[in-house]
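Next up, entry-v6.cif (mmCIF, C-alpha atoms):
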```
data_coords
loop_
_atom_site.group_PDB
_atom_site.id
_atom_site.type_symbol
_atom_site.label_atom_id
_atom_site.label_comp_id
_atom_site.auth_asym_id
_atom_site.auth_seq_id
_atom_site.Cartn_x
_atom_site.Cartn_y
_atom_site.Cartn_z
ATOM 1 C CA MET A 13 47.352 49.036 115.658
ATOM 2 C CA GLN A 14 44.014 50.683 114.906
ATOM 3 C CA ALA A 15 43.635 52.092 111.405
ATOM 4 C CA PRO A 16 43.128 55.883 111.198
ATOM 5 C CA LEU A 17 39.566 57.049 110.747
ATOM 6 C CA LYS A 18 38.441 57.998 107.270
ATOM 7 C CA THR A 19 37.522 61.631 106.668
ATOM 8 C CA ARG A 20 33.782 60.920 106.684
ATOM 9 C CA GLU A 21 34.062 59.131 110.033
ATOM 10 C CA ARG A 22 36.185 61.960 111.443
ATOM 11 C CA ILE A 23 33.557 64.494 110.391
ATOM 12 C CA ILE A 24 30.823 62.528 112.149
ATOM 13 C CA GLN A 25 32.894 62.077 115.288
ATOM 14 C CA ALA A 26 33.974 65.728 115.461
ATOM 15 C CA SER A 27 30.443 66.972 114.772
ATOM 16 C CA LEU A 28 29.052 64.892 117.617
ATOM 17 C CA GLU A 29 31.710 66.186 119.999
ATOM 18 C CA LEU A 30 31.108 69.816 119.033
ATOM 19 C CA PHE A 31 27.312 69.537 119.041
ATOM 20 C CA ASN A 32 27.365 67.942 122.488
ATOM 21 C CA ALA A 33 29.776 70.504 123.920
ATOM 22 C CA GLN A 34 28.407 73.683 122.365
ATOM 23 C CA GLY A 35 24.884 72.908 121.164
ATOM 24 C CA GLU A 36 24.036 72.216 117.534
ATOM 25 C CA ARG A 37 22.925 75.787 116.785
ATOM 26 C CA SER A 38 26.326 77.181 117.813
ATOM 27 C CA VAL A 39 28.291 74.925 115.459
ATOM 28 C CA SER A 40 28.510 75.506 111.699
ATOM 29 C CA THR A 41 30.078 73.358 109.005
ATOM 30 C CA ASN A 42 32.934 75.873 108.926
ATOM 31 C CA HIS A 43 33.494 75.283 112.642
ATOM 32 C CA ILE A 44 33.588 71.538 112.052
ATOM 33 C CA ALA A 45 36.022 71.869 109.148
ATOM 34 C CA ALA A 46 38.290 74.179 111.144
ATOM 35 C CA HIS A 47 38.231 71.806 114.105
ATOM 36 C CA LEU A 48 39.367 68.977 111.819
ATOM 37 C CA GLU A 49 41.823 71.203 109.945
ATOM 38 C CA ILE A 50 40.238 70.350 106.601
ATOM 39 C CA SER A 51 38.781 72.645 103.981
ATOM 40 C CA PRO A 52 35.013 73.327 103.895
ATOM 41 C CA GLY A 53 35.049 71.869 100.386
ATOM 42 C CA ASN A 54 36.431 68.608 101.723
ATOM 43 C CA LEU A 55 33.620 68.466 104.262
ATOM 44 C CA TYR A 56 30.986 69.219 101.594
ATOM 45 C CA TYR A 57 32.372 66.393 99.475
ATOM 46 C CA HIS A 58 31.131 64.008 102.191
ATOM 47 C CA PHE A 59 28.077 65.912 103.488
ATOM 48 C CA ARG A 60 26.145 68.471 101.476
ATOM 49 C CA ASN A 61 25.184 70.463 104.601
ATOM 50 C CA LYS A 62 24.902 70.316 108.375
ATOM 51 C CA GLN A 63 21.460 68.727 108.192
ATOM 52 C CA ALA A 64 22.992 65.725 106.422
ATOM 53 C CA ILE A 65 25.475 65.311 109.285
ATOM 54 C CA ILE A 66 22.669 65.534 111.834
ATOM 55 C CA ALA A 67 20.633 62.962 109.894
ATOM 56 C CA GLU A 68 23.609 60.590 109.973
ATOM 57 C CA LEU A 69 24.025 61.046 113.717
ATOM 58 C CA PHE A 70 20.319 60.525 114.290
ATOM 59 C CA GLY A 71 20.567 57.313 112.284
ATOM 60 C CA GLU A 72 23.296 56.101 114.641
ATOM 61 C CA TYR A 73 21.212 57.003 117.678
ATOM 62 C CA GLU A 74 18.082 55.441 116.200
ATOM 63 C CA GLY A 75 19.907 52.197 115.415
ATOM 64 C CA ARG A 76 21.417 52.062 118.876
ATOM 65 C CA VAL A 77 18.069 52.440 120.652
ATOM 66 C CA ASP A 78 16.311 50.038 118.281
ATOM 67 C CA SER A 79 18.988 47.424 119.038
ATOM 68 C CA PHE A 80 18.213 47.214 122.771
ATOM 69 C CA LEU A 81 14.618 48.411 123.229
ATOM 70 C CA ARG A 82 13.159 44.972 122.667
ATOM 71 C CA LEU A 83 12.352 41.813 124.574
ATOM 72 C CA PRO A 84 14.991 39.082 124.816
ATOM 73 C CA PRO A 85 14.043 36.022 122.769
ATOM 74 C CA ALA A 86 12.591 32.910 124.400
ATOM 75 C CA ARG A 87 12.974 33.812 128.070
ATOM 76 C CA ALA A 88 11.300 35.820 130.823
ATOM 77 C CA LEU A 89 12.648 39.193 131.916
ATOM 78 C CA THR A 90 14.649 39.550 135.130
ATOM 79 C CA ILE A 91 15.798 42.366 137.405
ATOM 80 C CA ASP A 92 19.137 42.210 135.585
ATOM 81 C CA ASP A 93 17.284 43.115 132.396
ATOM 82 C CA LYS A 94 15.911 46.213 134.105
ATOM 83 C CA THR A 95 19.468 47.269 134.908
ATOM 84 C CA PHE A 96 20.490 46.587 131.306
ATOM 85 C CA TYR A 97 17.699 48.718 129.823
ATOM 86 C CA LEU A 98 18.352 51.617 132.186
ATOM 87 C CA GLU A 99 22.126 51.596 131.603
ATOM 88 C CA ALA A 100 21.626 51.357 127.832
ATOM 89 C CA LEU A 101 19.221 54.300 127.852
ATOM 90 C CA LEU A 102 21.634 56.364 129.931
ATOM 91 C CA ALA A 103 24.539 55.616 127.578
ATOM 92 C CA ALA A 104 22.512 56.513 124.489
ATOM 93 C CA MET A 105 21.188 59.735 126.011
ATOM 94 C CA TRP A 106 24.665 60.798 127.088
ATOM 95 C CA HIS A 107 26.407 59.928 123.828
ATOM 96 C CA TYR A 108 23.840 61.797 121.687
ATOM 97 C CA ARG A 109 22.704 64.402 124.199
ATOM 98 C CA PHE A 110 22.624 67.241 121.647
ATOM 99 C CA LEU A 111 19.683 65.532 119.928
ATOM 100 C CA HIS A 112 17.607 65.810 123.087
ATOM 101 C CA ARG A 113 18.689 69.368 123.823
ATOM 102 C CA ASP A 114 17.885 70.810 120.398
ATOM 103 C CA LEU A 115 15.159 68.396 119.326
ATOM 104 C CA GLU A 116 12.368 70.808 118.405
ATOM 105 C CA HIS A 117 14.730 73.024 116.412
ATOM 106 C CA LEU A 118 16.221 70.031 114.597
ATOM 107 C CA LEU A 119 12.812 68.678 113.616
ATOM 108 C CA ASP A 120 11.499 72.093 112.554
ATOM 109 C CA SER A 121 14.532 72.479 110.292
ATOM 110 C CA ASP A 122 14.232 69.143 108.487
ATOM 111 C CA ALA A 123 10.863 67.684 107.460
ATOM 112 C CA ALA A 124 12.399 64.329 106.517
ATOM 113 C CA LEU A 125 14.085 64.038 109.911
ATOM 114 C CA ALA A 126 10.812 64.971 111.613
ATOM 115 C CA GLU A 127 9.041 62.097 109.874
ATOM 116 C CA ARG A 128 11.833 59.674 110.787
ATOM 117 C CA TYR A 129 11.606 60.818 114.390
ATOM 118 C CA ARG A 130 7.822 60.394 114.455
ATOM 119 C CA LEU A 131 8.162 56.769 113.357
ATOM 120 C CA PHE A 132 11.041 56.247 115.786
ATOM 121 C CA ALA A 133 8.909 57.590 118.649
ATOM 122 C CA GLN A 134 6.100 55.197 117.751
ATOM 123 C CA ARG A 135 8.516 52.258 117.772
ATOM 124 C CA CYS A 136 9.969 53.310 121.108
ATOM 125 C CA LEU A 137 6.555 53.604 122.739
ATOM 126 C CA GLN A 138 5.532 50.214 121.383
ATOM 127 C CA GLY A 139 8.837 48.707 122.494
ATOM 128 C CA ALA A 140 8.538 50.218 125.974
ATOM 129 C CA GLN A 141 5.009 48.879 126.379
ATOM 130 C CA GLY A 142 6.183 45.423 125.335
ATOM 131 C CA ILE A 143 9.015 45.543 127.849
ATOM 132 C CA TYR A 144 6.748 46.711 130.678
ATOM 133 C CA GLN A 145 4.339 43.914 129.767
ATOM 134 C CA GLY A 146 7.293 41.560 129.923
ATOM 135 C CA PHE A 147 8.063 42.695 133.466
ATOM 136 C CA VAL A 148 4.411 42.134 134.363
ATOM 137 C CA GLY A 149 4.558 38.649 132.886
ATOM 138 C CA ALA A 150 7.713 37.933 134.906
ATOM 139 C CA GLY A 151 5.998 38.977 138.147
ATOM 140 C CA ILE A 152 8.210 42.035 138.651
ATOM 141 C CA LEU A 153 5.551 44.701 138.034
ATOM 142 C CA LEU A 154 1.837 44.560 138.849
ATOM 143 C CA MET A 155 0.011 46.601 136.187
ATOM 144 C CA ASN A 156 -2.938 46.483 133.817
ATOM 145 C CA PRO A 157 -2.793 47.507 130.120
ATOM 146 C CA PRO A 158 -3.935 51.146 130.631
ATOM 147 C CA GLN A 159 -1.321 51.581 133.350
ATOM 148 C CA ILE A 160 1.358 50.111 131.089
ATOM 149 C CA GLU A 161 0.414 52.509 128.302
ATOM 150 C CA ALA A 162 0.460 55.511 130.648
ATOM 151 C CA LEU A 163 3.778 54.484 132.202
ATOM 152 C CA ALA A 164 5.435 54.056 128.793
ATOM 153 C CA LEU A 165 4.211 57.481 127.692
ATOM 154 C CA ASN A 166 5.304 59.205 130.913
ATOM 155 C CA ALA A 167 8.721 57.542 130.701
ATOM 156 C CA TRP A 168 9.083 58.762 127.101
ATOM 157 C CA ILE A 169 8.182 62.318 128.095
ATOM 158 C CA ILE A 170 10.818 62.343 130.835
ATOM 159 C CA MET A 171 13.493 60.750 128.668
ATOM 160 C CA THR A 172 13.021 63.132 125.739
ATOM 161 C CA SER A 173 12.729 66.322 127.808
ATOM 162 C CA TRP A 174 15.295 65.703 130.549
ATOM 163 C CA VAL A 175 18.312 67.200 128.766
ATOM 164 C CA ARG A 176 16.348 70.334 127.881
ATOM 165 C CA PHE A 177 15.245 70.598 131.510
ATOM 166 C CA LEU A 178 18.869 70.397 132.621
ATOM 167 C CA CYS A 179 19.912 73.083 130.145
ATOM 168 C CA THR A 180 17.336 75.475 131.608
ATOM 169 C CA THR A 181 18.642 74.913 135.138
ATOM 170 C CA SER A 182 22.370 74.292 134.768
ATOM 171 C CA GLY A 183 23.524 76.767 132.132
ATOM 172 C CA LYS A 184 25.607 75.852 129.089
ATOM 173 C CA PRO A 185 25.438 72.528 127.196
ATOM 174 C CA GLY A 186 29.021 71.805 128.184
ATOM 175 C CA ASP A 187 28.047 71.969 131.867
ATOM 176 C CA LEU A 188 26.019 68.766 131.614
ATOM 177 C CA SER A 189 27.433 65.645 133.226
ATOM 178 C CA GLU A 190 26.605 61.983 132.971
ATOM 179 C CA ALA A 191 25.553 62.056 136.627
ATOM 180 C CA MET A 192 22.925 64.678 135.794
ATOM 181 C CA LEU A 193 21.499 62.403 133.112
ATOM 182 C CA ARG A 194 21.605 59.487 135.540
ATOM 183 C CA ARG A 195 19.103 61.378 137.691
ATOM 184 C CA GLY A 196 16.775 61.413 134.678
ATOM 185 C CA ILE A 197 16.961 57.618 134.526
ATOM 186 C CA TYR A 198 16.147 57.556 138.233
ATOM 187 C CA GLN A 199 13.059 59.673 137.548
ATOM 188 C CA VAL A 200 11.872 57.082 135.015
ATOM 189 C CA LEU A 201 12.529 54.256 137.463
ATOM 190 C CA ALA A 202 10.628 56.122 140.189
ATOM 191 C CA LEU A 203 7.495 56.098 138.019
ATOM 192 C CA GLU A 204 7.271 52.341 138.654
ATOM 193 C CA ASP A 205 7.368 52.557 142.435
ATOM 194 C CA GLY A 206 3.664 51.922 143.014
ATOM 195 C CA TYR A 207 3.653 48.881 140.724
ATOM 196 C CA ILE A 208 6.567 46.836 142.101
ATOM 197 C CA ALA A 209 5.697 43.299 143.168
ATOM 198 C CA PRO A 210 6.576 42.764 146.885
ATOM 199 C CA PRO A 211 8.993 39.833 146.316
ATOM 200 C CA VAL A 212 11.308 41.975 144.157
ATOM 201 C CA ARG A 213 11.025 45.306 145.968
ATOM 202 C CA GLU A 214 14.379 44.932 147.712
ATOM 203 C CA SER A 215 16.149 44.314 144.396
ATOM 204 C CA VAL A 216 14.419 47.255 142.709
ATOM 205 C CA GLU A 217 15.249 49.556 145.627
ATOM 206 C CA ALA A 218 18.903 48.627 145.102
ATOM 207 C CA LEU A 219 18.474 50.007 141.589
ATOM 208 C CA TYR A 220 17.010 53.192 143.040
ATOM 209 C CA ARG A 221 20.178 53.645 145.071
ATOM 210 C CA LYS A 222 22.360 52.941 142.052
ATOM 211 C CA PHE A 223 20.738 55.574 139.845
ATOM 212 C CA HIS A 224 19.900 58.195 142.465
ATOM 213 C CA VAL A 225 21.794 61.472 142.208
ATOM 214 C CA PRO A 226 21.091 64.168 144.838
ATOM 215 C CA LEU A 227 18.968 66.988 143.459
ATOM 216 C CA GLU A 228 21.535 69.622 144.470
ATOM 217 C CA GLN A 229 23.954 68.037 141.963
ATOM 218 C CA VAL A 230 21.396 68.452 139.179
ATOM 219 C CA ILE A 231 19.899 71.936 139.550
#
```

Produce structure tokens that represent the structure in this file.
Amino acid sequence: MQAPLKTRERIIQASLELFNAQGERSVSTNHIAAHLEISPGNLYYHFRNKQAIIAELFGEYEGRVDSFLRLPPARALTIDDKTFYLEALLAAMWHYRFLHRDLEHLLDSDAALAERYRLFAQRCLQGAQGIYQGFVGAGILLMNPPQIEALALNAWIIMTSWVRFLCTTSGKPGDLSEAMLRRGIYQVLALEDGYIAPPVRESVEALYRKFHVPLEQVI
């Protein structure tokens, strides 16, 4: 039998659920406390304010992305690795989608978080370039260093702006679906189309079909 969550863990879990469903700006610490049926004072015992909760959630997201956005040790990349990276990105984006939706506001409100995010973005871009280089080395993509750099940057721009794009076209934060985010992953994958090595094109096109979501289901 699983042990009950501690109050601090319940606060984090409830905050994530509410932020994702309603948008971070619409949720106060009082809303979180009421949702958990605890007193505001009990919440403040664990977190001094909402920014501290957001920082904790960002730390979880940061650690999750850092854990998979890297090359596997001592072996060449494969098409299966491409599937792994795409699925991992989709899961992280979906689980912490409020961060992408309200990113500019969150960073404007917390200078320390903004600096953490800046360093995180640098790591992600470096990690993405290393992974793309790994696919080149494995004969899956045919690219030169400037193309790798541009592809990593364009992929980052899509990944970090996709949820906000959806919110401008689909309505409320709670209207988002995992399928709508899956289309964002497809958009990243489509950036590679002109660089796919002929021997693996059939396998990569199978990935296209896996991640494709019709546009009418997105906007």

- Find the spatial neighbours of range 208-211 of chain A, counting only C-alpha atoms, within a cut-off of 8 Å - ignore same-chain residues fewer than 2 positions away - and output them as a list of chain:residue names. A:Gly151, A:Ile152, A:Leu153, A:Leu154, A:Glu204, A:Asp205, A:Gly206, A:Arg213, A:Glu214, A:Val216

- Report as a list in words the residues that result from applying the PyMOL selection byres ((chain A and resi 85-98) around 8) to the structure here.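 Applied to this file, the PyMOL selection byres ((chain A and resi 85-98) around 8) selects Phe80, Leu81, Leu83, Pro84, Glu99, Ala100, Leu101, Leu102, Gly146, Phe147, Gly149, Ala150, Ile152, Ile197, Ser215, Val216 and Leu219 of chain A.
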
Expanded to explicit residues, what is the PyMOL selection byres ((chain A and resi 16-23) around 10) for this file, as a short mmCIF file (atom, residue, chain, number, x, y, z; two decimals) with C-alpha atoms, keeping the file's coordinate frame?
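Output contents, as saved in part.cif:
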```cif
data_model
loop_
_atom_site.label_atom_id
_atom_site.label_comp_id
_atom_site.auth_asym_id
_atom_site.auth_seq_id
_atom_site.Cartn_x
_atom_site.Cartn_y
_atom_site.Cartn_z
CA MET A 13 47.35 49.04 115.66
CA GLN A 14 44.01 50.68 114.91
CA ALA A 15 43.64 52.09 111.40
CA ILE A 24 30.82 62.53 112.15
CA GLN A 25 32.89 62.08 115.29
CA ALA A 26 33.97 65.73 115.46
CA SER A 27 30.44 66.97 114.77
CA LEU A 28 29.05 64.89 117.62
CA GLU A 29 31.71 66.19 120.00
CA THR A 41 30.08 73.36 109.00
CA ILE A 44 33.59 71.54 112.05
CA ALA A 45 36.02 71.87 109.15
CA HIS A 47 38.23 71.81 114.10
CA LEU A 48 39.37 68.98 111.82
CA ILE A 50 40.24 70.35 106.60
CA ASN A 54 36.43 68.61 101.72
CA LEU A 55 33.62 68.47 104.26
CA TYR A 57 32.37 66.39 99.48
CA HIS A 58 31.13 64.01 102.19
CA PHE A 59 28.08 65.91 103.49
CA ILE A 65 25.48 65.31 109.28
#
```

- Mind giving me the straight-line distance from CA of Ala104 in chain A to CA of Tyr198 in chain A in Å, one decimal?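 CA of Tyr198 in chain A lies at a distance of 15.2 Å from CA of Ala104 in chain A.
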
Identify, on the basis of all atoms listed in the file, every residue whose closest approach to His107 in chain A does not exceed 12 Å; exclude the query and any residue fewer than 5 positions from it along the same chain; express the result as a CSV table (one decimal) with C-alpha atoms, in the frame of the given file.
```csv
chain,number,residue,atom,x,y,z
A,25,GLN,CA,32.9,62.1,115.3
A,28,LEU,CA,29.1,64.9,117.6
A,29,GLU,CA,31.7,66.2,120.0
A,30,LEU,CA,31.1,69.8,119.0
A,31,PHE,CA,27.3,69.5,119.0
A,32,ASN,CA,27.4,67.9,122.5
A,33,ALA,CA,29.8,70.5,123.9
A,69,LEU,CA,24.0,61.0,113.7
A,70,PHE,CA,20.3,60.5,114.3
A,72,GLU,CA,23.3,56.1,114.6
A,73,TYR,CA,21.2,57.0,117.7
A,76,ARG,CA,21.4,52.1,118.9
A,77,VAL,CA,18.1,52.4,120.7
A,100,ALA,CA,21.6,51.4,127.8
A,101,LEU,CA,19.2,54.3,127.9
A,102,LEU,CA,21.6,56.4,129.9
A,112,HIS,CA,17.6,65.8,123.1
A,175,VAL,CA,18.3,67.2,128.8
A,188,LEU,CA,26.0,68.8,131.6
A,189,SER,CA,27.4,65.6,133.2
A,190,GLU,CA,26.6,62.0,133.0
A,193,LEU,CA,21.5,62.4,133.1
```
